[in-house]
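Below is one structure, written out as C-alpha cells; comments come after it.
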Amino acid sequence: MGDFNITVNGKTVPAVKGQTVLQAALAAGIDIPVFCWHPQLVPVGACRICLVEIEKFPKLQVACATPAADGMVVMTESPKVVKARQGVLEFILAHHPLDCPTCDKGGECDLQDVTFKYGLDYSRLQEPKHRNIVDENSTFDDLQIGPEIIRNQNRCIHCYRCTRIVDEACFEDDLGAYQRGYHTEILPPPHREIRNLYSGNVVEYCPVGALTNDDWRYKVRVWLTKQAKSVCTHCPDGCNLTHWTFHNKIFRATSRPNENIDRGFICDIGRYGYQQVASSDRLKQPMIKKNGELIEATWEEALNLIKTQVSELKSKLSGNAFFGLIGETSTNEEIYSFQRFLRRVIGTSHIDSRINRKRRLTFGEEVTSRAIAPDHVSYQDIDKADTFVVYASDLHSENPITALRIKRGVRYRDAKIIIINSRSTHLGVRTGATNLLHKPGTGLAVLTGIVDAAVSSTTFDKSAVGLSDQQISEFKQAHTELLLPKAAAMSGVGESDLRAVADSLVRSSNVVIFCGADFSRYPYRDEELLALDNLRRICKSAKLAVLPESSNSVGAELLGAYPNQYPGGKGSDAKSKFEDLWRGPLPDFSGKDMIGILEAINEDEIECGFIFNADPVRVFPDGNYADAVLEKLKLLVVVDSFMTETARLADVILPLSTFAETEGTRTNWEGRIQYTQSAIKPMFDSKPGCEILELLADRLGVSFGQGRPSEVYGELNKSLGDVLPVRYEMFKSEGAIYDRPKHQPKPGFNRVAYNAIPSDREYPNFLTVGNADHHRGPNTERNPSLLKFTGDPFVGLSEIDAKELMISDGDLVKVESRTGKVVGNARVIAELPGKVVFLPENFRELRPNLLMGLKEKFDHVKVTKM
Amino acid sequence: MQKHVLFENINDPKLHNIDRAIELGAYKAWEKVLKSIKREELVQMVKDSGLRGRGGAGFPTGLKWSFVPVASPKPKYLCCNADESEPGTCKDRVLMECDPHSVIEGVMIAAFAIDCHTSFFYVRGEYDLSMRRIEKAIDEAYKKGYLGKNILGTGYDLEMILHRGGGAYICGEETALLSSLEGEKGLSRIKPPFPAVSGLYACPTVVNNVETLANLPRIVINGGQWYASMGTEKSKGTRIFSVSGHVKKPGNYELELGTPLRTLIYDYAGGILDDKKLKCVIPGGSSVPVLMPDQLDTPLDFESVQAAGSMLGSGAVIVMNEDTCMVWVAEILAHFYMHESCGKCTPCRQGTGWLYEIIHRIEHGQGRAQDLDTLLDLAKNIEGNTICALGDAAATPVISTIKQFRNEYEYHIEHKKCLVKSDFRLR
Amino acid sequence: MILSNDTKSKIGEYAKKYPKVKSAILPALHYAYEEQGYLDDSMYEEIAQVLGVKFIEVAEAASFYTMFPKQKRGKYYIQVCRNISCALLGSHHLTQYLLQKLGTKLGETTKDHLFTVVEVECLGSCCSAPMMQVNDKYYENLTLAKVDQLIDEWRAAK
Ligand SMILES: Cc1cc2nc3c(=O)[nH]c(=O)nc-3n(C[C@H](O)[C@H](O)[C@H](O)COP(=O)(O)O)c2cc1C
Ligand code: SF4
Ligand code: SF4
Ligand code: FES
C-alpha cells in the first residue's frame, strides 16, 4: 500500500511519498473542499478553503500543498478548521454577486456546494458589493473574451485555475490575470482573445460561473440533464467525454478525465464537435432516387428496393461486381458487421476504408499498415521519452492531446522535440523545438541525411546500437544520392542542423518518433517508413508510432475493413474458419483496394456498391474522378448521417445514427479499445449501424441475429479471442489496449529508394492540405462553435508567393491544377515556405481534392489573382 | 545605548565613493573571507555573533544559511532584500545612500557563505538615489576586482545583479521578491518549499535584509564574539531604529539592542513634539501591535518587545501623541494593506479591503454597533490563514488598536465623530 | 516601433546578466518607461520581442506594479506620501494644499501638463516627514513655504 500512514480524523490513511495531505485524504475517501487545486496543476494554496489542522503545526495548513509525512495527525473538520473555512467562504461570498438563478454554473458550482456545506446564511457585509461593470445598461457584466467564452468578473473567486490551465496544462498564453489585490482581473492579453485549441477547458474547470461558453449558456439547467460516457470521434487520440443530454438532445460535451489518455483536458474540437449531431443536413429518413431526384421513403421501401436490385444484379453478375467502403470513424462493431455483410452476404472482397490515399496499396503498405503502431507506443511511452521526433505531422491540430502530452514532457522533464516537416506547425511554437523545415517532398533526404551524419560522426558508438562497420558501409553505398552534403542541398536544411539533430538523437536515451497524416498521404510513404526505421537504428532506444488518421482507423485495420485481410489481421488461410463462423461460402480472399475499385467501376467491372459513413467524393484525392466514376454505378447504397457529396449520388440512402446515438467501441492510436455509450436515442428515423447492417443482411437472406453492438462484439471476442481477449462489458468501465504482434526489426539498415520530384513549370506550386484552426478533417464544419474560430475558408499562401503575385489577405484567388480548379480568398501565412500553397481540408466550399489528380504523384498547382 | 557599528562613518559625505570607503576599511573583510576563512568557519562565525535578520522576522542569519544544501549541484543564489517599504522604516535607505560599499560587501560575504556565484540586489523601485548609489558601488567593485571572475586571484567568481522593483510592498516578502526577480508579478508563494531549498529559479536561495548584510563586514573583521558582546543575551548587536511621527528629532538611531524604548524616544529623539503627552508607540513598523505609555521602559530587544505584546519587526518606531485619533490611524494602515495585498490568497485579498471599508465607514461617521465585533472576527479570520505574513500584518493594527482604544472606536460609532480630533497641520 | 534602438539594446544588454531572460522584464519596463514616460500595449509587445518572452508575461507584470502608468502624466509628477508617519505630520493637508494651489484634482493633470498630484503609500522617508516624491526625487521635511518655493521654481522652469 502506502509508504507510510497518516491519521485523518482518527482514521489511519496510507500515504505515498510525495503525496499531499489532500491527495492521501481523497484517496481514502475523505472529502476536503478545494477551489484552486486541480490534480494536474501545481498546487498554489491560494484559495485557503482546504485549510486543515495538523498536530504540531501552530497554524492551520492547506491540505492541497502540504506534503504528507509519516505519522501526521490531521483533522479536517475540527472546530478551528470549520471556523476558518467559514471565514474563507465569507470572504469569497462577500462580494460575490450570488446571481445563482441566472448563472450557468448553478447546480454544479463548487462555491454553491461548499457554501451548502459550511456556509453561513447571513452576510456581515454592510457596504455595497464591489462591481466590475462592463456594460452600464446590464445587471450582468458579460464580456466576450473569445469566440466562445464569456467572462463575468464579478463571479470570479480568484482561484487562478483558468490561467494556470492555459499555461501549465495547455502551454498556451492567451489568458492572464492583471492588476493586483482585489482588482485582479482575468483577461486575454490586451487586444487579443482567448482562442487556443484547448480554450474550453477553462470553462469546464472554473469552479464558479465566471467563465462560461456560448455553447451551453442559458440552454438547460444542469440538474435536468443526464450524462452519457462517450469517446471523442474527431481524432485517434481517444479522449473520454461526457455528453450531457436533456429530452434526447445533447447540450454539451465535457471531459471525462482519463489518467491514461487526456488527464481531463480535451480540445475544443472534441468539446464542441458534438454539435454536428443536430446539424441541419442530417439525413432524417431513407431516400430513394426517382427520376434523378432523391425523395424520402420508408425503411420498408428502401430495404425492398435494395433487395430487388441487389438480387437482380447478383443473378446476372457475381459478387465481384460489388464493393463496399466504410469510414474509419465507424465503431469496431459496425466495421466488423460491414465487412461480414460484404464478404458473406454480398460475396465480395472489394472492401476498403482508406479512401483518401492516392497510393496503391503495395506490399510495403501491407506490412506497414499491419504495423500502424509497430512498437506498441502508448501515452505512457511519451511520459518516459526524452526526445520526440515528429515527422510530417501537424500534431497540434491532428492529435491535440498527444501534442499536449509531448509538451508536458518538454515543460516538466526538459524533453526535446525535433520537427521534420515542409511547413511549420504550432507544435514548434514556444516548445524550443528544433524545426527542420524542408522543401516539399524531400523528407527522405532529411531522414537519410541525419542517419548519415550520425554514423559518420567520429564519436558514434556503433556497438552501443548494435551496428557493424559493414552495415554502415552498405548503408552509405545504398544511398549515395541521399548522403551529406547532398541531403542538405536537396532538402534545403542546413548540414549543421542535420548533424546537430543526429547528435542529439544519438545522445538521447529514449526517443519516440511520430509520423502523422501528411505522411500517410505522401507518395513515398513506404520509403519514408523505411527511412524512419533507419533513424531508429541510430538511437539507443527508439519507438516508432505511425499515427492513424481517424478515430477508429486502428479498428478498421484490425477488423478487416481492408480488401486482403480478414478480421484480426488474418490471411487467406483463415478463410475456412470464417466460412464456418459465418455459415456460408466466402469469395476469393483478395479484393480490390480503393483505387482498384474506382478503376473497376470505370471499366464497368463493378456496378454496385455500399458506402457506409464515408464520403469519397469529398476526400478521394481526385474528387472529379471519384465523382464521375461513382456516378456510373447501377446501384449505390449510401448509409450515412449527413447529406454528403457522395450521398447525393446514391440510389438509396439509409439514415445512420451518429456516434452520439450509437453504442460501440473504437480503438485509438495506441490500440486502446474504448466504449462509447449512446447518449441519446436515434434521432429522426435513423438507425445505428449494426442494426442497419443486420436489417440488410436479413433482407438479403442471411440473418446473423446480431443487430446490437454487444452481440457483434460477442462474436468478435469468441472468434478472435487471440487478439481481442477482452469482453465487451469490460470496456464499459475502462478501455484496454489490445495486444498486437511484436515488430521484429531486421538487422542493419533498410534500403530506401528515392526518385526526385519532377518540377512543373506550368504549375509551380506544391499543394499541401491540413487543418484550419479548430477543425480536423472533413467532418467538423457542421459544428457552429468551431466555425466561430475559423473565419471563411481560405487559400493559404506564403509571404514570398503573395508578394510575387501581388496578392494580399482576402483577395479572391484561383488555384488551378491539371485536373481542376477552386476559387477562394487568400490568406497570407507567415510560416509557410515559398512555393507551398496550403488548403484546409475542412470545408466543402473549397475542396482540395478537386485539385488532385490520381495520376500525379505530387499535386502541382498554380495560383492567380482574380 | 547609542553604539555606532553600522553608522561608524555614516556622516562622511564621500563614503559612497569606493576610494574613500576603502580608506575607511571597506573590502578588508571580503579579502579576509576570500583568502583566509573557510566557508564553514564563516557560517559558524555568524552563528556565534548571534546576528538575527533585520528584515522583520528576526531569524538567526547563520542558521538560515546553514539550511542551504551547499552540496546540491544546482546554483545557489543570494538576494539582498532592499525593498524597504514597511511604513515607518527608512534605515536601509540610509545605508544604501551613505554606505553602499558596506552593504554590497555584506552581500559578497553572505554569497560566499552559501557558495553562491550569482547574487541579486533587489532595490525598491522608488529609491532612486539608493539605486544609483548601489549601481555605482557595484560598478566600482567590479572595476577594483572585488566582483567578477577570479576575485583577487582566489579563483572565486561572483556576479552581482541590480534588480529594481516596480512599486509593490509585497515584493519585500521573500517569496514575492523571488517571483518578482523571475519576471513574474510579485505574488507570494506557499512555503514549503522554503527558499533555502527551492527559491529563485527553483534553486537554493537566501534572502537577507540590507541591514543584516551590512553587519557582516564588521563581524568578519572583529569576530563573532565581538558582535555577541553587544546587546542582550539573546538579541545581539545593534539595530538601526527609524524614529518617526511626533518626536522632536525624528531620525535613524543605531542603538545597542536592549536599550529601553524611553531612552530612544526621550534621549535620542528629543521627546514628544510640542511636549505633548505620548499616546502610544508602534515599535517595529506598521505591522506590529502598539505599545502604551506604561510600556516605555520595555528594552528594545526581540524578547522583551515580544513579552510586551508587540514585535521588533523592521525597527521602525512610530510615535503618536495624545491628539492622534486611533481610528484614523487604523484607517490609514488598513488602506495600505488593501492597496498592497498581492491578491493571491482569499483572506488577504478580500479581507484587507473589507477591514478598510468598515474602518473608513466608522471614521466617517457611519459606524454601527456590531462593527467592532465584525472587525475583530474578520481580522482573526485573516490572521494565520494566509499564504504570507502580509495578511497577519493587516490584521494586527486592527486588533491592536481595537484592543487598546476600543473607547475611541465606540465614541466614533456613537457620536459619528472623533473622540480626539487629529488635525496635524503643516508648519 | 516606439522604443528607440538605444533603449532596446540597453534592454537586451541587461537581459544578458540574468540566468533566465524572463527576469529582465522589470528592468525592461523601467528602461521603456524612462524613455517614454508611460507604457502601452505596443511597448509591451516590443519588450516581449526584444527579450523573447511572451507578450502576456510583460502585460501581466506591468499591470501589477505601480510604477508603470499607461498614461502620460504631468511634467512634475507629485507623489505625496499618505502613510502613517507623514500623515502624523500633516501630509493630508499637504495634498489639499497642492491641489488647491495648482487648481487640480487628485490624479488629474493640470491643463498646462505641468503637474499631476497623487497620493502614494509609504516611500521610506518616514524620519523626514512629511515628504513627497517628484518624478524620481525626494523632497523631505516639507513646510508650506518650501512647497510654495518649489512650485514657483517649477513654474518658472516650465
Ligand atoms: C509583507 C512583507 C513585507 C516585507 N518587506 C520586507 C522588506 O521590505 N525588507 C526586508 O528586508 N524584509 C521584508 N520582509 C521580510 C522578508 O520576508 C524576509 O524575512 C527578510 O528579507 C529576510 O531577511 P533577514 O533574515 O535578513 O531579516 C517582509 C515580509 C513581509 C511578510
Ligand atoms: S475565472 Fe474562474 S477559474 Fe479563473 S480565477 Fe476566476 S474563478 Fe478561478
Ligand atoms: S497574504 Fe496577501 S499578500 Fe500574502 S499571498 Fe495572500 S494575498 Fe498575497
Ligand atoms: S485548494 Fe488548497 S488552497 Fe485552494
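Note on naming: chains are A, B, ... as they come in the C-alpha cells, residues start from 1 per chain, ligands start from 1 in the order shown.
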Would you tabulate, counting only C-alpha atoms, all residues of region 292-313 of chain B that have an atom at most 12 Å from an atom of region 262-267 of chain B, showing the closest pair of atoms and their distance in Å to one decimal, sorted by chain then ascending number, as a Markdown table?
| residue | atom | partner | partner_atom | distance |
| --- | --- | --- | --- | --- |
| B:Met292 | CA | B:Arg262 | CA | 11.4 |
| B:Pro293 | CA | B:Arg262 | CA | 9.2 |
| B:Asp294 | CA | B:Arg262 | CA | 10.2 |
| B:Gln295 | CA | B:Arg262 | CA | 8.8 |
| B:Leu296 | CA | B:Arg262 | CA | 5.0 |
| B:Asp297 | CA | B:Arg262 | CA | 5.7 |
| B:Thr298 | CA | B:Arg262 | CA | 7.8 |
| B:Pro299 | CA | B:Arg262 | CA | 8.5 |
| B:Leu300 | CA | B:Leu264 | CA | 9.0 |
Can I get the selection written as a compact mmCIF listing (two decimals), in the first residue's frame, with N, CA and C atoms?
# COMPACT_ATOMS: atom_id res chain seq x y z
N MET B 292 1.92 50.92 24.85
CA MET B 292 1.28 52.03 25.54
C MET B 292 2.32 52.78 26.38
N PRO B 293 2.02 54.00 26.81
CA PRO B 293 3.00 54.78 27.57
C PRO B 293 3.55 54.02 28.78
N ASP B 294 2.73 53.19 29.40
CA ASP B 294 3.24 52.47 30.56
C ASP B 294 4.23 51.38 30.18
N GLN B 295 4.46 51.20 28.89
CA GLN B 295 5.41 50.17 28.47
C GLN B 295 6.71 50.80 27.95
N LEU B 296 6.89 52.08 28.25
CA LEU B 296 8.04 52.81 27.73
C LEU B 296 9.37 52.25 28.20
N ASP B 297 9.35 51.53 29.29
CA ASP B 297 10.62 51.00 29.78
C ASP B 297 10.99 49.66 29.17
N THR B 298 10.18 49.24 28.25
CA THR B 298 10.50 47.97 27.57
C THR B 298 11.85 48.09 26.88
N PRO B 299 12.78 47.19 27.16
CA PRO B 299 14.04 47.21 26.43
C PRO B 299 13.80 46.80 24.97
N LEU B 300 14.43 47.48 24.06
CA LEU B 300 14.24 47.18 22.64
C LEU B 300 15.13 46.00 22.24
Where does chain C meet chain B within 8 Å, residue by residue, with the nearest atom pair and distance in Å to one decimal for each, counting only C-alpha atoms, listed by chain and rising number, as a Markdown table?
| residue | atom | partner | partner_atom | distance |
| --- | --- | --- | --- | --- |
| C:Lys17 | CA | B:Ile161 | CA | 7.0 |
| C:Tyr18 | CA | B:Ile161 | CA | 7.6 |
| C:Lys20 | CA | B:Glu182 | CA | 7.6 |
| C:Lys22 | CA | B:Gly183 | CA | 5.1 |
| C:Ser23 | CA | B:Gly183 | CA | 4.0 |
| C:Ala24 | CA | B:Gly183 | CA | 6.3 |
| C:Ile25 | CA | B:Gly183 | CA | 5.3 |
| C:Leu26 | CA | B:Gly183 | CA | 6.2 |
| C:Pro27 | CA | B:Arg164 | CA | 6.5 |
| C:His30 | CA | B:Gly166 | CA | 7.8 |
| C:Glu57 | CA | B:Glu184 | CA | 7.1 |
| C:Glu60 | CA | B:Lys185 | CA | 6.8 |
| C:Ala61 | CA | B:Lys185 | CA | 4.8 |
| C:Phe64 | CA | B:Lys185 | CA | 5.9 |
| C:Tyr65 | CA | B:Gly166 | CA | 5.1 |
| C:Thr66 | CA | B:Gly167 | CA | 4.9 |
| C:Met67 | CA | B:Gly166 | CA | 5.4 |
| C:Phe68 | CA | B:Gly166 | CA | 7.5 |
| C:Arg82 | CA | B:Ile332 | CA | 7.8 |
| C:Asn83 | CA | B:Ile332 | CA | 6.3 |
| C:Ile84 | CA | B:Ile332 | CA | 6.5 |
| C:Ser85 | CA | B:Gly245 | CA | 5.0 |
| C:Cys86 | CA | B:Gly245 | CA | 7.4 |
| C:Ala87 | CA | B:Phe424 | CA | 7.6 |
| C:Leu88 | CA | B:Gly245 | CA | 5.7 |
| C:Leu89 | CA | B:Phe424 | CA | 5.6 |
| C:Gly90 | CA | B:Phe424 | CA | 4.6 |
| C:Ser91 | CA | B:Leu426 | CA | 7.4 |
| C:His93 | CA | B:Arg425 | CA | 6.3 |
| C:Leu94 | CA | B:Leu426 | CA | 6.8 |
| C:Glu121 | CA | B:Phe336 | CA | 6.5 |
| C:Cys122 | CA | B:Pro87 | CA | 5.3 |
| C:Leu123 | CA | B:Ser85 | CA | 6.7 |
| C:Gly124 | CA | B:Cys90 | CA | 4.7 |
| C:Ser125 | CA | B:Cys90 | CA | 5.7 |
| C:Cys126 | CA | B:Gly88 | CA | 5.2 |
| C:Cys127 | CA | B:Ser244 | CA | 4.8 |
| C:Ser128 | CA | B:Pro250 | CA | 7.1 |
| C:Ala129 | CA | B:Ser244 | CA | 7.7 |
| C:Asp136 | CA | B:Asp128 | CA | 5.9 |
| C:Lys137 | CA | B:Asp128 | CA | 7.2 |
| C:Leu142 | CA | B:Leu426 | CA | 7.8 |
| C:Thr143 | CA | B:Arg427 | CA | 5.3 |
| C:Leu144 | CA | B:Arg427 | CA | 6.4 |
Inset, instruction - Produce as a PyMOL selection string the set of residues near ligand 4, where near means within 8 Å with only C-alpha atoms and all ligand atoms considered. - result: (chain A and resi 33-38+43-51+62-65+159) or (chain B and resi 345)
Atoms kept (N, CA, C and O atoms) for selection, written as an mmCIF file, in the first residue's frame:
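Full text of part_8.cif as output:
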data_model
loop_
_atom_site.group_PDB
_atom_site.id
_atom_site.type_symbol
_atom_site.label_atom_id
_atom_site.label_comp_id
_atom_site.auth_asym_id
_atom_site.auth_seq_id
_atom_site.Cartn_x
_atom_site.Cartn_y
_atom_site.Cartn_z
ATOM 1 N N PRO A 33 -12.797 20.231 0.967
ATOM 2 C CA PRO A 33 -13.201 21.112 -0.133
ATOM 3 C C PRO A 33 -11.991 21.796 -0.770
ATOM 4 O O PRO A 33 -11.000 22.067 -0.092
ATOM 5 N N VAL A 34 -12.070 22.041 -2.058
ATOM 6 C CA VAL A 34 -10.999 22.749 -2.769
ATOM 7 C C VAL A 34 -11.613 23.706 -3.778
ATOM 8 O O VAL A 34 -12.720 23.476 -4.257
ATOM 9 N N PHE A 35 -10.902 24.750 -4.075
ATOM 10 C CA PHE A 35 -11.264 25.619 -5.202
ATOM 11 C C PHE A 35 -10.086 25.742 -6.177
ATOM 12 O O PHE A 35 -10.218 25.532 -7.353
ATOM 13 N N CYS A 36 -8.945 26.086 -5.628
ATOM 14 C CA CYS A 36 -7.843 26.376 -6.546
ATOM 15 C C CYS A 36 -7.083 25.132 -6.976
ATOM 16 O O CYS A 36 -6.424 25.119 -7.987
ATOM 17 N N TRP A 37 -7.213 24.081 -6.200
ATOM 18 C CA TRP A 37 -6.456 22.862 -6.518
ATOM 19 C C TRP A 37 -7.055 22.157 -7.712
ATOM 20 O O TRP A 37 -8.276 22.111 -7.891
ATOM 21 N N HIS A 38 -6.180 21.599 -8.532
ATOM 22 C CA HIS A 38 -6.613 20.732 -9.621
ATOM 23 C C HIS A 38 -5.547 19.654 -9.757
ATOM 24 O O HIS A 38 -4.353 19.965 -9.703
ATOM 25 N N PRO A 43 0.117 22.817 -7.147
ATOM 26 C CA PRO A 43 -0.697 23.469 -6.125
ATOM 27 C C PRO A 43 -0.139 24.847 -5.765
ATOM 28 O O PRO A 43 1.074 25.031 -5.681
ATOM 29 N N VAL A 44 -1.046 25.803 -5.569
ATOM 30 C CA VAL A 44 -0.603 27.151 -5.209
ATOM 31 C C VAL A 44 -1.098 27.577 -3.833
ATOM 32 O O VAL A 44 -0.665 28.593 -3.295
ATOM 33 N N GLY A 45 -2.011 26.814 -3.275
ATOM 34 C CA GLY A 45 -2.508 27.129 -1.932
ATOM 35 C C GLY A 45 -3.116 28.499 -1.819
ATOM 36 O O GLY A 45 -2.938 29.181 -0.820
ATOM 37 N N ALA A 46 -3.845 28.923 -2.843
ATOM 38 C CA ALA A 46 -4.308 30.302 -2.884
ATOM 39 C C ALA A 46 -5.677 30.508 -2.252
ATOM 40 O O ALA A 46 -5.897 31.501 -1.585
ATOM 41 N N CYS A 47 -6.598 29.575 -2.475
ATOM 42 C CA CYS A 47 -7.962 29.876 -2.053
ATOM 43 C C CYS A 47 -8.154 29.689 -0.559
ATOM 44 O O CYS A 47 -9.016 30.295 0.036
ATOM 45 N N ARG A 48 -7.387 28.845 0.058
ATOM 46 C CA ARG A 48 -7.379 28.602 1.507
ATOM 47 C C ARG A 48 -8.614 27.862 2.013
ATOM 48 O O ARG A 48 -8.810 27.776 3.223
ATOM 49 N N ILE A 49 -9.417 27.316 1.117
ATOM 50 C CA ILE A 49 -10.621 26.637 1.594
ATOM 51 C C ILE A 49 -10.269 25.252 2.147
ATOM 52 O O ILE A 49 -11.023 24.662 2.895
ATOM 53 N N CYS A 50 -9.097 24.756 1.771
ATOM 54 C CA CYS A 50 -8.748 23.401 2.183
ATOM 55 C C CYS A 50 -7.948 23.398 3.485
ATOM 56 O O CYS A 50 -7.333 22.390 3.817
ATOM 57 N N LEU A 51 -7.969 24.489 4.217
ATOM 58 C CA LEU A 51 -7.225 24.549 5.482
ATOM 59 C C LEU A 51 -7.611 23.376 6.381
ATOM 60 O O LEU A 51 -8.788 23.047 6.520
ATOM 61 N N VAL A 62 -2.689 24.359 4.478
ATOM 62 C CA VAL A 62 -3.505 23.986 3.318
ATOM 63 C C VAL A 62 -3.232 22.529 2.969
ATOM 64 O O VAL A 62 -2.089 22.141 2.718
ATOM 65 N N ALA A 63 -4.299 21.738 2.944
ATOM 66 C CA ALA A 63 -4.134 20.311 2.657
ATOM 67 C C ALA A 63 -3.591 20.097 1.255
ATOM 68 O O ALA A 63 -2.847 19.156 0.998
ATOM 69 N N CYS A 64 -3.930 21.016 0.345
ATOM 70 C CA CYS A 64 -3.593 20.791 -1.063
ATOM 71 C C CYS A 64 -2.105 20.893 -1.335
ATOM 72 O O CYS A 64 -1.639 20.402 -2.358
ATOM 73 N N ALA A 65 -1.370 21.557 -0.445
ATOM 74 C CA ALA A 65 0.040 21.772 -0.760
ATOM 75 C C ALA A 65 0.963 21.276 0.344
ATOM 76 O O ALA A 65 2.179 21.367 0.214
ATOM 77 N N CYS A 159 -9.256 31.938 -8.118
ATOM 78 C CA CYS A 159 -8.549 30.692 -7.817
ATOM 79 C C CYS A 159 -7.392 30.503 -8.791
ATOM 80 O O CYS A 159 -6.531 29.668 -8.594
ATOM 81 N N CYS B 345 -4.131 35.089 -2.208
ATOM 82 C CA CYS B 345 -4.946 34.243 -1.337
ATOM 83 C C CYS B 345 -6.182 34.976 -0.835
ATOM 84 O O CYS B 345 -6.187 36.191 -0.666
#
Inset, instruction - Could you tell me, counting only C-alpha atoms and all ligand atoms, which protein and nucleic acid residues lie no more than 10 Å from ligand 2, written as an NGL selection string? - result: (:A and (35-36 or 47 or 110-111 or 150-165 or 175-177 or 184-187 or 201-212)) or (:B and (344))
Would you pick out the contacts of Pro563 (chain A) at 9 Å or less, using only C-alpha atoms, so that residues sharing its chain but fewer than 6 positions from it are not included, and give the list as a short mmCIF file (atom, residue, chain, number, x, y, z; two decimals) with all heavy atoms, in the first residue's frame?
data_model
loop_
_atom_site.label_atom_id
_atom_site.label_comp_id
_atom_site.auth_asym_id
_atom_site.auth_seq_id
_atom_site.Cartn_x
_atom_site.Cartn_y
_atom_site.Cartn_z
N SER A 349 -14.89 -9.27 -51.94
CA SER A 349 -13.77 -8.89 -51.07
C SER A 349 -13.29 -7.49 -51.39
O SER A 349 -12.25 -7.05 -50.93
CB SER A 349 -12.60 -9.88 -51.24
OG SER A 349 -12.96 -11.12 -50.71
N HIS A 350 -14.02 -6.78 -52.26
CA HIS A 350 -13.62 -5.41 -52.60
C HIS A 350 -14.10 -4.46 -51.50
O HIS A 350 -15.18 -3.88 -51.58
CB HIS A 350 -14.24 -4.98 -53.94
CG HIS A 350 -13.95 -5.92 -55.05
ND1 HIS A 350 -12.78 -6.63 -55.16
CD2 HIS A 350 -14.70 -6.28 -56.13
CE1 HIS A 350 -12.80 -7.37 -56.25
NE2 HIS A 350 -13.97 -7.20 -56.85
N ILE A 351 -13.29 -4.40 -50.49
CA ILE A 351 -13.67 -3.61 -49.31
C ILE A 351 -12.51 -2.71 -48.93
O ILE A 351 -11.37 -3.16 -48.91
CB ILE A 351 -13.94 -4.53 -48.10
CG1 ILE A 351 -14.94 -5.61 -48.47
CG2 ILE A 351 -14.42 -3.74 -46.89
CD1 ILE A 351 -15.02 -6.71 -47.44
N ASP A 352 -12.78 -1.47 -48.62
CA ASP A 352 -11.67 -0.63 -48.13
C ASP A 352 -12.20 0.47 -47.23
O ASP A 352 -13.38 0.84 -47.28
CB ASP A 352 -10.89 -0.02 -49.31
CG ASP A 352 -9.40 0.19 -48.95
OD1 ASP A 352 -9.06 0.11 -47.75
OD2 ASP A 352 -8.61 0.41 -49.87
N PHE A 589 -10.18 -14.63 -51.42
CA PHE A 589 -9.62 -13.86 -50.31
C PHE A 589 -9.30 -12.42 -50.70
O PHE A 589 -9.68 -11.47 -50.05
CB PHE A 589 -8.35 -14.55 -49.80
CG PHE A 589 -7.59 -13.71 -48.83
CD1 PHE A 589 -8.13 -13.42 -47.58
CD2 PHE A 589 -6.34 -13.19 -49.15
CE1 PHE A 589 -7.44 -12.65 -46.67
CE2 PHE A 589 -5.64 -12.41 -48.25
CZ PHE A 589 -6.19 -12.15 -47.01
N SER A 590 -8.60 -12.28 -51.83
CA SER A 590 -8.12 -10.94 -52.10
C SER A 590 -9.12 -10.14 -52.93
O SER A 590 -9.83 -10.69 -53.76
CB SER A 590 -6.76 -10.96 -52.78
OG SER A 590 -6.91 -11.55 -54.04
N GLY A 591 -9.13 -8.86 -52.64
CA GLY A 591 -10.06 -7.99 -53.36
C GLY A 591 -9.36 -6.73 -53.80
O GLY A 591 -8.14 -6.62 -53.69
N LYS A 592 -10.13 -5.80 -54.26
CA LYS A 592 -9.55 -4.56 -54.77
C LYS A 592 -9.56 -3.49 -53.68
O LYS A 592 -10.48 -3.41 -52.88
CB LYS A 592 -10.37 -4.06 -55.95
CG LYS A 592 -10.28 -4.96 -57.16
CD LYS A 592 -11.07 -4.37 -58.31
CE LYS A 592 -11.22 -5.36 -59.46
NZ LYS A 592 -9.94 -5.89 -59.97
N ASP A 593 -8.51 -2.67 -53.73
CA ASP A 593 -8.47 -1.55 -52.80
C ASP A 593 -9.23 -0.37 -53.42
O ASP A 593 -9.80 -0.49 -54.51
CB ASP A 593 -7.03 -1.17 -52.47
CG ASP A 593 -6.28 -0.64 -53.66
OD1 ASP A 593 -6.89 -0.45 -54.73
OD2 ASP A 593 -5.06 -0.40 -53.54
N MET A 594 -9.21 0.75 -52.72
CA MET A 594 -9.98 1.92 -53.15
C MET A 594 -9.72 2.28 -54.61
O MET A 594 -10.65 2.45 -55.40
CB MET A 594 -9.63 3.09 -52.23
CG MET A 594 -10.28 4.38 -52.60
SD MET A 594 -12.05 4.34 -52.34
CE MET A 594 -12.53 5.92 -53.02
#
Inset, instruction - Could you list the residues in chain A lying within 6 Å of chain C, using only C-alpha atoms, and format the result as a ChimeraX atom specification? - result: /A:178-180,189
Create the file for the chosen residues now, containing C-alpha atoms and written as a CSV table (one decimal), in the first residue's frame.
chain,number,residue,atom,x,y,z
A,178,TYR,CA,-3.9,41.5,-14.4
A,179,GLN,CA,-3.6,44.2,-11.8
A,180,ARG,CA,-3.3,43.1,-8.2
A,189,PRO,CA,-3.7,39.8,-23.4
Legend entry - Of the listed residues A:Pro147, A:Gly2, A:Gly29, A:Pro67, that which approaches chain B most closely, counting only C-alpha atoms: A:Pro67
Give me the chain B side of the contact with chain A, cut-off 9 Å, one line per residue showing its nearest atom pair and distance in Å at one decimal, counting only C-alpha atoms, sorted by chain and residue number, as CSV.
residue,atom,partner,partner_atom,distance
B:Lys185,CA,A:Arg180,CA,8.6
B:Leu187,CA,A:Arg180,CA,9.0
B:Arg189,CA,A:Val44,CA,7.1
B:Ile190,CA,A:Gly45,CA,6.5
B:Lys191,CA,A:Thr66,CA,8.8
B:Pro192,CA,A:Thr66,CA,7.6
B:Met338,CA,A:Gly181,CA,7.3
B:His339,CA,A:Gly181,CA,7.1
B:Glu340,CA,A:Gly181,CA,7.0
B:Ser341,CA,A:Gly181,CA,5.0
B:Cys342,CA,A:Gly181,CA,4.7
B:Gly343,CA,A:Gly181,CA,3.5
B:Lys344,CA,A:Ala46,CA,5.6
B:Cys345,CA,A:Ala46,CA,4.3
B:Thr346,CA,A:Cys47,CA,5.2
B:Pro347,CA,A:Val88,CA,5.9
B:Cys348,CA,A:Gly181,CA,8.4
B:Arg349,CA,A:Gly181,CA,5.4
B:Gln350,CA,A:Phe91,CA,5.6
B:Gly351,CA,A:Phe91,CA,6.4
B:Gly353,CA,A:Tyr182,CA,7.6
B:Trp354,CA,A:Leu125,CA,8.1
B:Glu357,CA,A:Glu127,CA,7.4
B:Ile358,CA,A:Glu127,CA,7.9
B:Arg361,CA,A:Glu127,CA,8.8
B:Asp371,CA,A:Arg124,CA,8.9
B:Thr374,CA,A:Arg124,CA,7.3
B:Asp377,CA,A:Gly87,CA,8.7
B:Leu378,CA,A:Gly87,CA,7.4
B:Lys380,CA,A:Gly87,CA,8.9
B:Asn381,CA,A:Gly87,CA,5.5
B:Ile382,CA,A:Gly87,CA,8.0
B:Gly384,CA,A:Lys59,CA,6.0
B:Asn385,CA,A:Leu60,CA,6.7
B:Thr386,CA,A:Arg48,CA,7.3
B:Ile387,CA,A:Ala46,CA,7.1
